[in-house]
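Next comes query.txt, with compact mmCIF, C-alpha atoms.
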```txt
# COMPACT_ATOMS: atom_id res chain seq x y z
CA MET A 26 -22.26 9.24 -41.70
CA THR A 27 -24.75 7.92 -39.15
CA LEU A 28 -25.14 9.32 -35.65
CA GLU A 29 -23.82 6.05 -34.25
CA TRP A 30 -20.52 6.46 -36.06
CA ILE A 31 -20.22 10.08 -34.98
CA LEU A 32 -20.67 8.99 -31.37
CA ARG A 33 -18.05 6.28 -31.83
CA ILE A 34 -15.55 8.78 -33.22
CA VAL A 35 -16.28 11.22 -30.37
CA LEU A 36 -15.76 8.41 -27.83
CA PHE A 37 -12.51 7.42 -29.52
CA GLY A 38 -11.40 11.06 -29.46
CA ILE A 39 -12.15 11.42 -25.75
CA VAL A 40 -10.18 8.29 -24.92
CA HIS A 41 -7.31 9.47 -27.15
CA TRP A 42 -7.03 12.83 -25.41
CA ILE A 43 -7.22 11.30 -21.92
CA LEU A 44 -4.41 8.87 -22.74
CA ALA A 45 -2.40 11.52 -24.59
CA GLY A 46 -2.68 13.87 -21.61
CA VAL A 47 -1.39 11.25 -19.19
CA MET A 48 1.46 10.19 -21.50
CA LEU A 49 2.51 13.76 -22.37
CA HIS A 50 2.57 14.63 -18.67
CA ASP A 51 4.83 11.64 -18.05
CA LEU A 52 6.99 12.54 -21.06
CA ALA A 53 7.43 16.11 -19.81
CA TYR A 54 8.70 14.98 -16.40
CA ARG A 55 10.76 11.98 -17.55
CA LYS A 56 14.53 12.49 -17.54
CA ARG A 57 15.42 9.73 -20.00
CA VAL A 58 13.25 8.45 -22.85
CA PHE A 59 13.68 5.54 -25.21
CA GLY A 60 15.62 6.83 -28.22
CA GLY A 61 17.00 9.78 -26.29
CA ARG A 62 14.76 12.51 -27.78
CA LYS A 63 11.38 13.65 -26.51
CA PRO A 64 9.83 15.50 -29.53
CA PRO A 65 9.37 12.37 -31.69
CA TRP A 66 7.54 10.69 -28.81
CA ALA A 67 5.28 13.72 -28.39
CA ILE A 68 4.45 13.58 -32.11
CA VAL A 69 3.75 9.81 -31.94
CA ILE A 70 1.44 10.29 -28.93
CA LEU A 71 -0.46 13.13 -30.59
CA ILE A 72 -0.59 11.95 -34.20
CA ILE A 73 -1.43 8.25 -33.75
CA PRO A 74 -4.74 8.24 -31.84
CA CYS A 75 -4.69 5.98 -28.77
CA PHE A 76 -2.18 3.51 -30.20
CA GLY A 77 0.62 6.12 -30.06
CA SER A 78 -0.01 6.38 -26.31
CA ILE A 79 -0.03 2.59 -25.95
CA LEU A 80 3.25 2.43 -27.89
CA TYR A 81 4.75 5.02 -25.51
CA LEU A 82 3.48 2.98 -22.56
CA LEU A 83 5.05 -0.20 -23.94
CA PHE A 84 8.44 1.50 -24.23
CA HIS A 85 8.16 3.37 -20.90
CA PRO A 86 6.41 0.94 -18.53
CA GLN A 87 7.93 2.75 -15.53
CA ILE A 88 4.88 5.03 -15.60
CA LEU A 89 3.02 2.09 -14.04
CA ASN A 90 5.67 1.54 -11.39
CA PRO A 91 5.91 4.61 -9.14
CA ASP A 92 8.54 2.96 -6.90
CA TYR A 93 10.80 2.39 -9.91
CA SER A 94 10.31 5.99 -11.10
CA ARG A 95 11.11 7.26 -7.58
CA ASN A 96 14.34 5.21 -7.51
CA GLU A 97 15.26 6.57 -10.93
CA ARG A 98 14.72 10.16 -9.76
CA ASN A 99 16.82 9.53 -6.63
CA ARG A 100 19.58 8.06 -8.81
CA ASP A 101 19.48 11.17 -11.01
CA LYS A 102 19.78 13.38 -7.93
CA ARG A 103 22.78 11.38 -6.70
CA GLU A 104 24.45 11.62 -10.12
CA LYS A 105 24.06 15.41 -10.05
CA MET B 3 20.13 -7.10 -14.13
CA ASN B 4 18.06 -7.82 -11.01
CA LYS B 5 14.37 -8.52 -10.37
CA VAL B 6 13.57 -4.82 -9.90
CA THR B 7 14.80 -4.04 -13.44
CA PHE B 8 12.31 -6.49 -14.99
CA ARG B 9 9.35 -5.55 -12.79
CA PRO B 10 8.10 -2.60 -14.94
CA PHE B 11 7.90 -4.91 -17.97
CA ILE B 12 5.47 -7.35 -16.31
CA MET B 13 2.52 -5.04 -17.03
CA PRO B 14 3.17 -4.52 -20.80
CA LEU B 15 3.78 -8.27 -21.17
CA LEU B 16 0.49 -9.02 -19.40
CA LEU B 17 -1.33 -6.57 -21.69
CA VAL B 18 0.29 -8.06 -24.80
CA PHE B 19 -0.68 -11.57 -23.68
CA CYS B 20 -4.29 -10.55 -22.95
CA THR B 21 -4.54 -8.74 -26.31
CA LEU B 22 -3.25 -11.79 -28.19
CA PHE B 23 -5.77 -13.96 -26.35
CA TYR B 24 -8.58 -11.47 -27.07
CA TYR B 25 -7.86 -11.38 -30.81
CA PHE B 26 -6.63 -14.97 -31.10
CA GLY B 27 -9.48 -15.98 -33.44
CA GLU B 28 -8.59 -13.17 -35.85
CA LEU B 29 -4.90 -14.03 -35.51
CA VAL B 30 -5.63 -17.66 -36.43
CA ASP B 31 -7.66 -16.50 -39.45
CA TRP B 32 -4.95 -14.09 -40.57
CA ALA B 33 -2.09 -16.58 -40.17
CA ALA B 34 -4.18 -19.56 -41.33
CA TRP B 35 -3.24 -21.63 -38.28
CA ASP B 36 -6.12 -24.07 -38.89
CA ALA B 37 -4.81 -26.53 -36.30
CA LEU B 38 -5.41 -23.91 -33.59
CA ARG B 39 -8.93 -23.03 -34.71
CA SER B 40 -11.45 -23.42 -31.90
CA ASN B 41 -15.07 -22.26 -31.51
CA PHE B 42 -14.15 -20.71 -28.17
CA PHE B 43 -12.29 -17.89 -29.95
CA TYR B 44 -15.26 -16.99 -32.16
CA GLY B 45 -18.02 -16.68 -29.57
CA VAL B 46 -19.13 -13.71 -27.48
CA HIS B 47 -15.96 -12.22 -26.00
CA ASP B 48 -17.34 -11.43 -22.53
CA ILE B 49 -15.35 -14.31 -21.00
CA HIS B 50 -12.19 -13.37 -22.91
CA ARG B 51 -12.42 -9.84 -21.57
CA LEU B 52 -12.32 -11.13 -17.98
CA LEU B 53 -8.63 -11.95 -18.49
CA PHE B 54 -7.98 -8.18 -18.55
CA LEU B 55 -8.91 -8.08 -14.87
CA ALA B 56 -5.43 -9.50 -14.17
CA PRO B 57 -3.42 -6.51 -15.53
CA ILE B 58 -5.95 -4.02 -14.13
CA VAL B 59 -5.82 -5.50 -10.61
CA TYR B 60 -2.02 -5.85 -10.86
CA ALA B 61 -1.80 -2.17 -11.89
CA GLY B 62 -3.96 -1.25 -8.91
CA TYR B 63 -1.59 -3.17 -6.65
CA THR B 64 1.70 -1.81 -8.04
CA ALA B 65 0.78 1.62 -9.44
CA ARG B 66 -2.22 2.38 -7.21
CA VAL B 67 -5.36 4.17 -8.47
CA LYS B 68 -3.66 6.13 -11.27
CA GLY B 69 -2.08 2.98 -12.71
CA ALA B 70 -5.35 1.04 -12.53
CA LEU B 71 -7.17 3.81 -14.41
CA ILE B 72 -4.46 4.05 -17.10
CA VAL B 73 -4.53 0.28 -17.70
CA THR B 74 -8.36 0.33 -17.74
CA ILE B 75 -8.31 3.02 -20.45
CA VAL B 76 -5.66 1.05 -22.37
CA ALA B 77 -7.86 -2.08 -22.11
CA PHE B 78 -10.78 0.02 -23.39
CA VAL B 79 -8.73 1.03 -26.45
CA ILE B 80 -7.81 -2.63 -27.01
CA PHE B 81 -11.49 -3.62 -26.90
CA LEU B 82 -12.60 -0.87 -29.32
CA PRO B 83 -11.69 -2.51 -32.68
CA ARG B 84 -13.75 -5.60 -31.82
CA ALA B 85 -16.70 -3.49 -30.61
CA PHE B 86 -16.56 -1.23 -33.70
CA PHE B 87 -15.70 -3.58 -36.54
CA ILE B 88 -15.54 -7.28 -35.61
CA SER B 89 -18.28 -8.33 -33.18
CA LEU B 90 -21.38 -9.88 -34.74
CA TYR B 91 -23.29 -10.02 -31.46
CA PRO B 92 -25.77 -7.41 -30.17
CA ASP B 93 -24.61 -4.29 -28.25
CA PRO B 94 -20.87 -4.96 -28.38
CA LEU B 95 -19.99 -1.41 -27.28
CA LEU B 96 -22.41 -1.42 -24.34
CA ARG B 97 -21.20 -4.81 -23.04
CA MET B 98 -17.60 -3.71 -23.39
CA MET B 99 -18.21 -0.42 -21.60
CA LEU B 100 -19.98 -2.14 -18.72
CA PHE B 101 -16.98 -4.42 -18.26
CA VAL B 102 -14.57 -1.48 -18.42
CA ILE B 103 -16.49 0.38 -15.70
CA PHE B 104 -16.64 -2.76 -13.54
CA ALA B 105 -12.92 -3.52 -14.01
CA GLY B 106 -11.94 0.11 -13.46
CA VAL B 107 -13.82 0.24 -10.16
CA ILE B 108 -12.17 -3.00 -8.99
CA GLY B 109 -8.71 -1.71 -10.00
CA ALA B 110 -9.29 1.62 -8.25
CA LEU B 111 -10.49 -0.20 -5.12
CA VAL B 112 -7.38 -2.38 -5.10
CA GLY B 113 -5.25 0.77 -5.47
CA THR B 114 -7.07 2.51 -2.62
CA ILE B 115 -6.76 -0.49 -0.29
CA ARG B 116 -3.06 -0.80 -1.14
CA ASN B 117 -2.58 2.93 -0.43
CA GLN B 118 -4.26 2.56 2.95
CA THR B 119 -2.21 -0.54 3.81
CA ILE B 120 1.08 1.17 2.96
CA ARG B 121 0.04 4.25 4.92
CA SER B 122 -0.93 2.28 8.02
CA GLN B 123 2.33 0.30 7.83
CA GLN B 124 4.29 3.57 7.68
CA LEU B 125 2.33 5.00 10.60
CA GLU B 126 2.88 1.83 12.62
CA ALA B 127 6.63 1.97 11.94
CA MET B 128 6.70 5.67 12.89
CA LEU B 129 4.82 4.95 16.10
CA THR B 130 7.23 2.14 17.02
CA ILE B 131 10.23 4.42 16.40
CA LYS B 132 8.63 7.14 18.56
CA ARG B 133 7.86 4.63 21.33
CA ASP B 134 11.43 3.26 21.23
CA LYS B 135 12.79 6.81 21.41
CA LEU B 136 10.59 7.60 24.40
CA LEU B 137 11.52 4.37 26.16
CA LYS B 138 15.21 5.14 25.55
CA ILE B 139 14.78 8.48 27.32
CA VAL B 140 12.84 6.77 30.12
CA ASP B 141 15.54 4.11 30.40
CA GLY B 142 18.16 6.72 31.23
CA MET B 143 16.20 8.27 34.11
CA ALA B 144 17.42 8.15 37.73
CA ASP B 145 14.05 6.86 39.02
CA GLY B 146 12.56 3.44 38.38
CA ILE B 147 9.86 3.34 35.70
CA VAL B 148 7.45 0.47 35.14
CA ILE B 149 4.60 0.15 32.65
CA THR B 150 1.86 -2.24 33.76
CA GLY B 151 -1.06 -3.41 31.62
CA PRO B 152 -4.68 -3.75 32.78
CA ASP B 153 -3.98 -7.49 33.27
CA TYR B 154 -1.32 -6.51 35.88
CA ARG B 155 1.47 -7.78 33.62
CA ILE B 156 4.63 -5.72 33.45
CA ARG B 157 5.21 -4.50 29.89
CA PHE B 158 8.35 -2.47 30.46
CA MET B 159 10.91 -1.82 33.20
CA ASN B 160 13.70 0.69 32.87
CA THR B 161 17.29 -0.07 33.90
CA LYS B 162 16.87 1.55 37.33
CA MET B 163 13.72 -0.49 38.04
CA VAL B 164 15.52 -3.68 37.03
CA GLU B 165 18.32 -2.62 39.38
CA PHE B 166 15.75 -2.24 42.21
CA PHE B 167 13.66 -5.39 41.67
CA GLY B 168 15.30 -7.51 38.97
CA GLU B 169 14.00 -8.17 35.43
CA GLY B 170 10.28 -8.91 35.50
CA THR B 171 8.90 -7.95 32.08
CA GLY B 172 6.00 -10.27 31.28
CA LEU B 173 5.36 -11.20 34.92
CA THR B 174 2.51 -9.84 37.04
CA CYS B 175 3.43 -6.79 39.12
CA TYR B 176 2.08 -8.24 42.41
CA LYS B 177 4.11 -11.44 42.00
CA HIS B 178 7.31 -9.75 40.90
CA LEU B 179 7.34 -6.72 43.22
CA ARG B 180 5.71 -8.13 46.37
CA ASN B 181 5.72 -11.90 45.82
CA LEU B 182 1.92 -12.13 46.17
CA ASP B 183 -0.46 -14.44 44.34
CA ALA B 184 -3.22 -11.82 43.90
CA PRO B 185 -3.28 -8.06 43.29
CA CYS B 186 -2.41 -5.96 46.37
CA GLN B 187 -5.65 -5.29 48.27
CA GLN B 188 -5.18 -1.78 49.69
CA GLU B 189 -2.34 -0.23 47.78
CA CYS B 190 -3.18 -1.17 44.18
CA HIS B 191 -4.11 1.90 42.17
CA ILE B 192 -4.20 0.29 38.71
CA PRO B 193 -8.04 0.29 38.41
CA ASP B 194 -8.21 4.00 39.38
CA VAL B 195 -5.41 4.99 37.03
CA ILE B 196 -6.59 2.96 34.03
CA ASN B 197 -10.38 3.21 34.37
CA ASN B 198 -10.69 6.74 35.80
CA GLU B 199 -7.53 8.11 34.15
CA GLU B 200 -6.36 9.53 37.48
CA ILE B 201 -2.84 10.47 38.48
CA ASN B 202 -2.03 8.95 41.87
CA ARG B 203 0.82 9.48 44.29
CA TRP B 204 1.46 7.24 47.32
CA GLU B 205 4.20 5.72 49.41
CA CYS B 206 4.77 2.02 49.49
CA SER B 207 7.04 -0.17 51.60
CA PHE B 208 8.36 -3.44 50.23
CA PRO B 209 9.35 -6.71 51.93
CA ASP B 210 13.08 -5.83 51.64
CA GLY B 211 12.49 -2.81 53.89
CA LYS B 212 12.77 -0.20 51.19
CA ILE B 213 10.20 2.58 50.89
CA TYR B 214 9.31 4.06 47.53
CA GLU B 215 7.31 7.09 46.56
CA ILE B 216 5.20 6.05 43.57
CA VAL B 217 3.58 8.37 41.05
CA ALA B 218 1.26 6.55 38.62
CA ALA B 219 -0.45 7.92 35.54
CA PRO B 220 -2.37 6.43 32.60
CA TYR B 221 -0.35 5.63 29.46
CA VAL B 222 -1.60 4.42 26.07
CA ASP B 223 0.73 1.73 24.74
CA ALA B 224 1.61 1.19 21.05
CA ASP B 225 -1.20 -1.40 20.69
CA GLY B 226 -3.77 1.12 21.97
CA THR B 227 -4.17 -0.48 25.41
CA VAL B 228 -4.47 1.92 28.32
CA CYS B 229 -1.75 0.99 30.82
CA GLN B 230 -0.30 2.43 33.99
CA ILE B 231 3.10 4.11 33.96
CA SER B 232 4.61 4.35 37.46
CA ILE B 233 7.66 6.22 38.67
CA PHE B 234 9.38 4.62 41.68
CA ARG B 235 11.56 6.94 43.78
CA ASP B 236 13.57 5.37 46.60
CA ILE B 237 12.85 7.48 49.73
CA THR B 238 14.15 4.98 52.31
CA GLN B 239 17.04 7.26 53.40
CA ARG B 240 14.78 10.32 53.61
CA LYS B 241 12.28 8.40 55.79
CA LYS B 242 15.02 7.23 58.18
CA ILE B 243 16.07 10.86 58.83
```

Just give me the structure of the file as structure tokens.
Amino acid sequence: MTLEWILRIVLFGIVHWILAGVMLHDLAYRKRVFGGRKPPWAIVILIIPCFGSILYLLFHPQILNPDYSRNERNRDKREK
Amino acid sequence: MNKVTFRPFIMPLLLVFCTLFYYFGELVDWAAWDALRSNFFYGVHDIHRLLFLAPIVYAGYTARVKGALIVTIVAFVIFLPRAFFISLYPDPLLRMMLFVIFAGVIGALVGTIRNQTIRSQQLEAMLTIKRDKLLKIVDGMADGIVITGPDYRIRFMNTKMVEFFGEGTGLTCYKHLRNLDAPCQQECHIPDVINNEEINRWECSFPDGKIYEIVAAPYVDADGTVCQISIFRDITQRKKI
């Protein structure tokens, strides 16, 4: 394996762990997830490099809409 | 289902659209859509990448700096397969990384500006509420209160002041209070109060025979203009005794 490919894999790994960190943080604090269970999503994010995180993002786009997430949290508080 | 429900899905849809556009040449090859084949989709993809500025800037606008950075990283992941395996042109990874840094900075800047705008709007609203609250207290006072700008125009009169002189907000103080065409020569203290930030107290008699004790102090209005706030106390009865 050439040095260039090693660097590419390292770069891919860095990007994977950055995305996984952000998505796992969101998963931990999210009340409701698509499918109802969190562990499968955690496995998807960790096992499928980068694309698992993108898949999670596609199914939980609220992460990119803080106002929507805030409304959701307020609704949860009211329901309690 | 209202507009707010669909809003979070705009970003993934934008990303999906940009990705399809970015890999459209490969998609045409894979699906054998020969009618859609165009040289544009097989050239250097620097132009195609520019389309990703739309979701990154949109993320900066809606989800601030964090959102812009997440979408930039996602765009980076989308670009990787072409840079690693597909591109036939020199330095695909370097060109892609330069774009990602450029787009990320733009997204973060949009997020920062949006943050500042929201914050200043909130502060402005808070300031207006505070000012209204203060003016409500002032309105209930037994003495007349008038706020005059440096241009001698009356900005506010409380109920008591309106009772004394009639409504004159927007008019010049010399015209409304004394029916003059120019600022009062001797008794005007506005320049001292506004320019020197002095607190002045004096007695003033008006054409209707009433005598007021006036206390004037500088006051910074909501728009940042230094004005004069004056308290008018009717001392006509006291003076007669």

Item checked: CA of Trp30 in chain A to CA of Ile72 in chain A, straight-line distance in Å -> 20.8 Å

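For chain A, the residues close to chain B, meaning within 6 Å and counting only C-alpha atoms, are Leu83, Pro86, Gln87, Leu89, Asn90 and Pro91 of chain A.
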
Margin query: Using all atoms listed in the file for the distances, tell me which of A:Leu28, A:Ile88, A:Leu82, A:Leu71 is nearest to Trp42 in chain A.
Written below: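 Residue with the minimum atom-to-atom distance to Trp42 in chain A: A:Leu71.
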
Checklist line | Expected residue set, 10 Å radius at (-0.9, -11.0, 34.3), only C-alpha atoms, as number ranges by chain | finding: B: 150-157, 172-177, 184-185

Restrict the selected residues to C-alpha atoms and save them as a PDB file, keeping the file's coordinate frame.
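Contents of again_3.pdb, as written:
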```
ATOM      1  CA  THR B 150       1.860  -2.240  33.760  1.00  0.00           C
ATOM      2  CA  GLY B 151      -1.060  -3.410  31.620  1.00  0.00           C
ATOM      3  CA  PRO B 152      -4.680  -3.750  32.780  1.00  0.00           C
ATOM      4  CA  ASP B 153      -3.980  -7.490  33.270  1.00  0.00           C
ATOM      5  CA  TYR B 154      -1.320  -6.510  35.880  1.00  0.00           C
ATOM      6  CA  ARG B 155       1.470  -7.780  33.620  1.00  0.00           C
ATOM      7  CA  ILE B 156       4.630  -5.720  33.450  1.00  0.00           C
ATOM      8  CA  ARG B 157       5.210  -4.500  29.890  1.00  0.00           C
ATOM      9  CA  GLY B 172       6.000 -10.270  31.280  1.00  0.00           C
ATOM     10  CA  LEU B 173       5.360 -11.200  34.920  1.00  0.00           C
ATOM     11  CA  THR B 174       2.510  -9.840  37.040  1.00  0.00           C
ATOM     12  CA  CYS B 175       3.430  -6.790  39.120  1.00  0.00           C
ATOM     13  CA  TYR B 176       2.080  -8.240  42.410  1.00  0.00           C
ATOM     14  CA  LYS B 177       4.110 -11.440  42.000  1.00  0.00           C
ATOM     15  CA  ALA B 184      -3.220 -11.820  43.900  1.00  0.00           C
ATOM     16  CA  PRO B 185      -3.280  -8.060  43.290  1.00  0.00           C
TER      17      PRO B 185
END
```

Next item on the list: Extract, using all atoms listed in the file, all DNA, RNA and protein residues at most 12 Å from Ile108 in chain B, discarding same-chain residues fewer than 3 positions from it, and format them as a VMD selection string.
Entry: chain B and resid 54 to 63 66 to 67 70 to 71 74 101 to 105 111 to 115

Next item on the list: Compile the contact shell of Asn41 in chain B as a PyMOL selection string: residues with an atom at most 12 Å away, counting all atoms listed in the file, same-chain residues fewer than 5 positions apart removed.
Entry: chain B and resi 26-28+30+36+46-47

Next item on the list: One decimal, Å: what's the distance from CA of Arg97 in chain B over to CA of Asp48 in chain B, could you say?
Entry: 7.7 Å

Item checked: Option closest in space to Pro209 in chain B, from B:Leu179, B:Ile231, B:Ala37, B:Ile237 [counting all atoms listed in the file] -> B:Leu179

Note to self: Ranking A:Ile31, A:Met48, A:Ile43, A:Leu36 by minimum distance to Ser78 in chain A and counting all atoms listed in the file, which one comes first?
What the structure shows: A:Met48

Next item on the list: Please provide the set of residues having any atom within 12 Å of Gln239 in chain B, restricted to only C-alpha atoms, with same-chain residues fewer than 2 positions apart removed, written as a PyMOL selection string.
Entry: chain B and resi 211-215+235-237+241-243

Next item on the list: Enter the distance from CA of Phe166 in chain B to CA of Arg180 in chain B, in Å, rounded to one decimal.
Entry: 12.4 Å

Once 6 Å is added on each side, what are the centre and the three edge lengths, in Å to one decimal, of the axis-aligned box enclosing the listed atoms of range 76-84 of chain A? Present them as AutoDock Vina command-line options.
```
--center_x 3.1 --center_y 3.1 --center_z -26.4 --size_x 22.6 --size_y 18.6 --size_z 19.6
```

Long-range neighbours of Leu90 in chain B as a PDB file with C-alpha atoms, keeping the file's coordinate frame, 10 Å cut-off, all atoms listed in the file, 6 positions minimum in chain:
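Listing of result-v7.pdb after writing:
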```
ATOM      1  CA  TYR B  44     -15.260 -16.990 -32.160  1.00  0.00           C
ATOM      2  CA  GLY B  45     -18.020 -16.680 -29.570  1.00  0.00           C
ATOM      3  CA  VAL B  46     -19.130 -13.710 -27.480  1.00  0.00           C
ATOM      4  CA  ARG B  84     -13.750  -5.600 -31.820  1.00  0.00           C
TER       5      ARG B  84
END
```

Please provide the set of residues having any atom within 12 Å of Gly226 in chain B, restricted to all atoms listed in the file, with same-chain residues fewer than 2 positions apart removed, written as a PDB file with C-alpha atoms, in the frame of the given file.
```pdb
ATOM      1  CA  GLU B 126       2.880   1.830  12.620  1.00  0.00           C
ATOM      2  CA  LEU B 129       4.820   4.950  16.100  1.00  0.00           C
ATOM      3  CA  GLY B 151      -1.060  -3.410  31.620  1.00  0.00           C
ATOM      4  CA  PRO B 152      -4.680  -3.750  32.780  1.00  0.00           C
ATOM      5  CA  PRO B 220      -2.370   6.430  32.600  1.00  0.00           C
ATOM      6  CA  TYR B 221      -0.350   5.630  29.460  1.00  0.00           C
ATOM      7  CA  VAL B 222      -1.600   4.420  26.070  1.00  0.00           C
ATOM      8  CA  ASP B 223       0.730   1.730  24.740  1.00  0.00           C
ATOM      9  CA  ALA B 224       1.610   1.190  21.050  1.00  0.00           C
ATOM     10  CA  VAL B 228      -4.470   1.920  28.320  1.00  0.00           C
ATOM     11  CA  CYS B 229      -1.750   0.990  30.820  1.00  0.00           C
TER      12      CYS B 229
END
```

Next item on the list: Pick out the closest residue to Met143 in chain B from this set: B:Leu16, B:Leu96, B:Ile49, B:Ile233. Count only C-alpha atoms.
Entry: B:Ile233

Notebook entry, point to check: Pick the closest to Thr238 in chain B from B:Phe158, B:Phe208, B:Tyr24, B:Phe87: which is it, counting only C-alpha atoms?
Noted result: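 Closest to Thr238 in chain B of all the choices is B:Phe208.
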
Can you rebuild range 90-108 of chain B with N, CA, C and O atoms and give it as a compact mmCIF listing (two decimals), keeping the file's coordinate frame?
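Output contents, as saved in result-v5.txt:
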```
# COMPACT_ATOMS: atom_id res chain seq x y z
N LEU B 90 -20.12 -9.64 -34.02
CA LEU B 90 -21.38 -9.88 -34.74
C LEU B 90 -22.56 -9.96 -33.77
O LEU B 90 -23.69 -10.13 -34.18
N TYR B 91 -22.26 -9.83 -32.49
CA TYR B 91 -23.29 -10.02 -31.46
C TYR B 91 -23.91 -8.67 -31.07
O TYR B 91 -23.30 -7.62 -31.30
N PRO B 92 -25.10 -8.69 -30.47
CA PRO B 92 -25.77 -7.41 -30.17
C PRO B 92 -25.06 -6.58 -29.09
O PRO B 92 -24.44 -7.15 -28.18
N ASP B 93 -25.15 -5.28 -29.21
CA ASP B 93 -24.61 -4.29 -28.25
C ASP B 93 -23.16 -4.53 -27.83
O ASP B 93 -22.86 -4.60 -26.63
N PRO B 94 -22.26 -4.68 -28.77
CA PRO B 94 -20.87 -4.96 -28.38
C PRO B 94 -20.25 -3.81 -27.58
O PRO B 94 -19.53 -4.04 -26.60
N LEU B 95 -20.58 -2.57 -27.96
CA LEU B 95 -19.99 -1.41 -27.28
C LEU B 95 -20.51 -1.29 -25.84
O LEU B 95 -19.74 -1.03 -24.91
N LEU B 96 -21.80 -1.52 -25.67
CA LEU B 96 -22.41 -1.42 -24.34
C LEU B 96 -21.83 -2.48 -23.40
O LEU B 96 -21.45 -2.19 -22.27
N ARG B 97 -21.72 -3.72 -23.88
CA ARG B 97 -21.20 -4.81 -23.04
C ARG B 97 -19.75 -4.53 -22.65
O ARG B 97 -19.34 -4.74 -21.52
N MET B 98 -19.01 -4.02 -23.64
CA MET B 98 -17.60 -3.71 -23.39
C MET B 98 -17.46 -2.58 -22.37
O MET B 98 -16.64 -2.65 -21.44
N MET B 99 -18.30 -1.56 -22.53
CA MET B 99 -18.21 -0.42 -21.60
C MET B 99 -18.60 -0.80 -20.18
O MET B 99 -17.98 -0.35 -19.22
N LEU B 100 -19.59 -1.67 -20.05
CA LEU B 100 -19.98 -2.14 -18.72
C LEU B 100 -18.83 -2.88 -18.04
O LEU B 100 -18.55 -2.68 -16.86
N PHE B 101 -18.13 -3.70 -18.83
CA PHE B 101 -16.98 -4.42 -18.26
C PHE B 101 -15.89 -3.44 -17.85
O PHE B 101 -15.29 -3.58 -16.78
N VAL B 102 -15.64 -2.45 -18.71
CA VAL B 102 -14.57 -1.48 -18.42
C VAL B 102 -14.87 -0.73 -17.12
O VAL B 102 -13.97 -0.56 -16.28
N ILE B 103 -16.12 -0.33 -16.93
CA ILE B 103 -16.49 0.38 -15.70
C ILE B 103 -16.30 -0.53 -14.49
O ILE B 103 -15.68 -0.16 -13.49
N PHE B 104 -16.76 -1.78 -14.62
CA PHE B 104 -16.64 -2.76 -13.54
C PHE B 104 -15.16 -3.01 -13.19
O PHE B 104 -14.76 -2.96 -12.02
N ALA B 105 -14.35 -3.23 -14.24
CA ALA B 105 -12.92 -3.52 -14.01
C ALA B 105 -12.21 -2.30 -13.44
O ALA B 105 -11.36 -2.43 -12.56
N GLY B 106 -12.57 -1.12 -13.95
CA GLY B 106 -11.94 0.11 -13.46
C GLY B 106 -12.21 0.33 -11.99
O GLY B 106 -11.32 0.70 -11.22
N VAL B 107 -13.45 0.07 -11.57
CA VAL B 107 -13.82 0.24 -10.16
C VAL B 107 -13.03 -0.75 -9.30
O VAL B 107 -12.49 -0.38 -8.25
N ILE B 108 -12.92 -2.00 -9.76
CA ILE B 108 -12.17 -3.00 -8.99
C ILE B 108 -10.70 -2.58 -8.88
O ILE B 108 -10.11 -2.63 -7.80
```
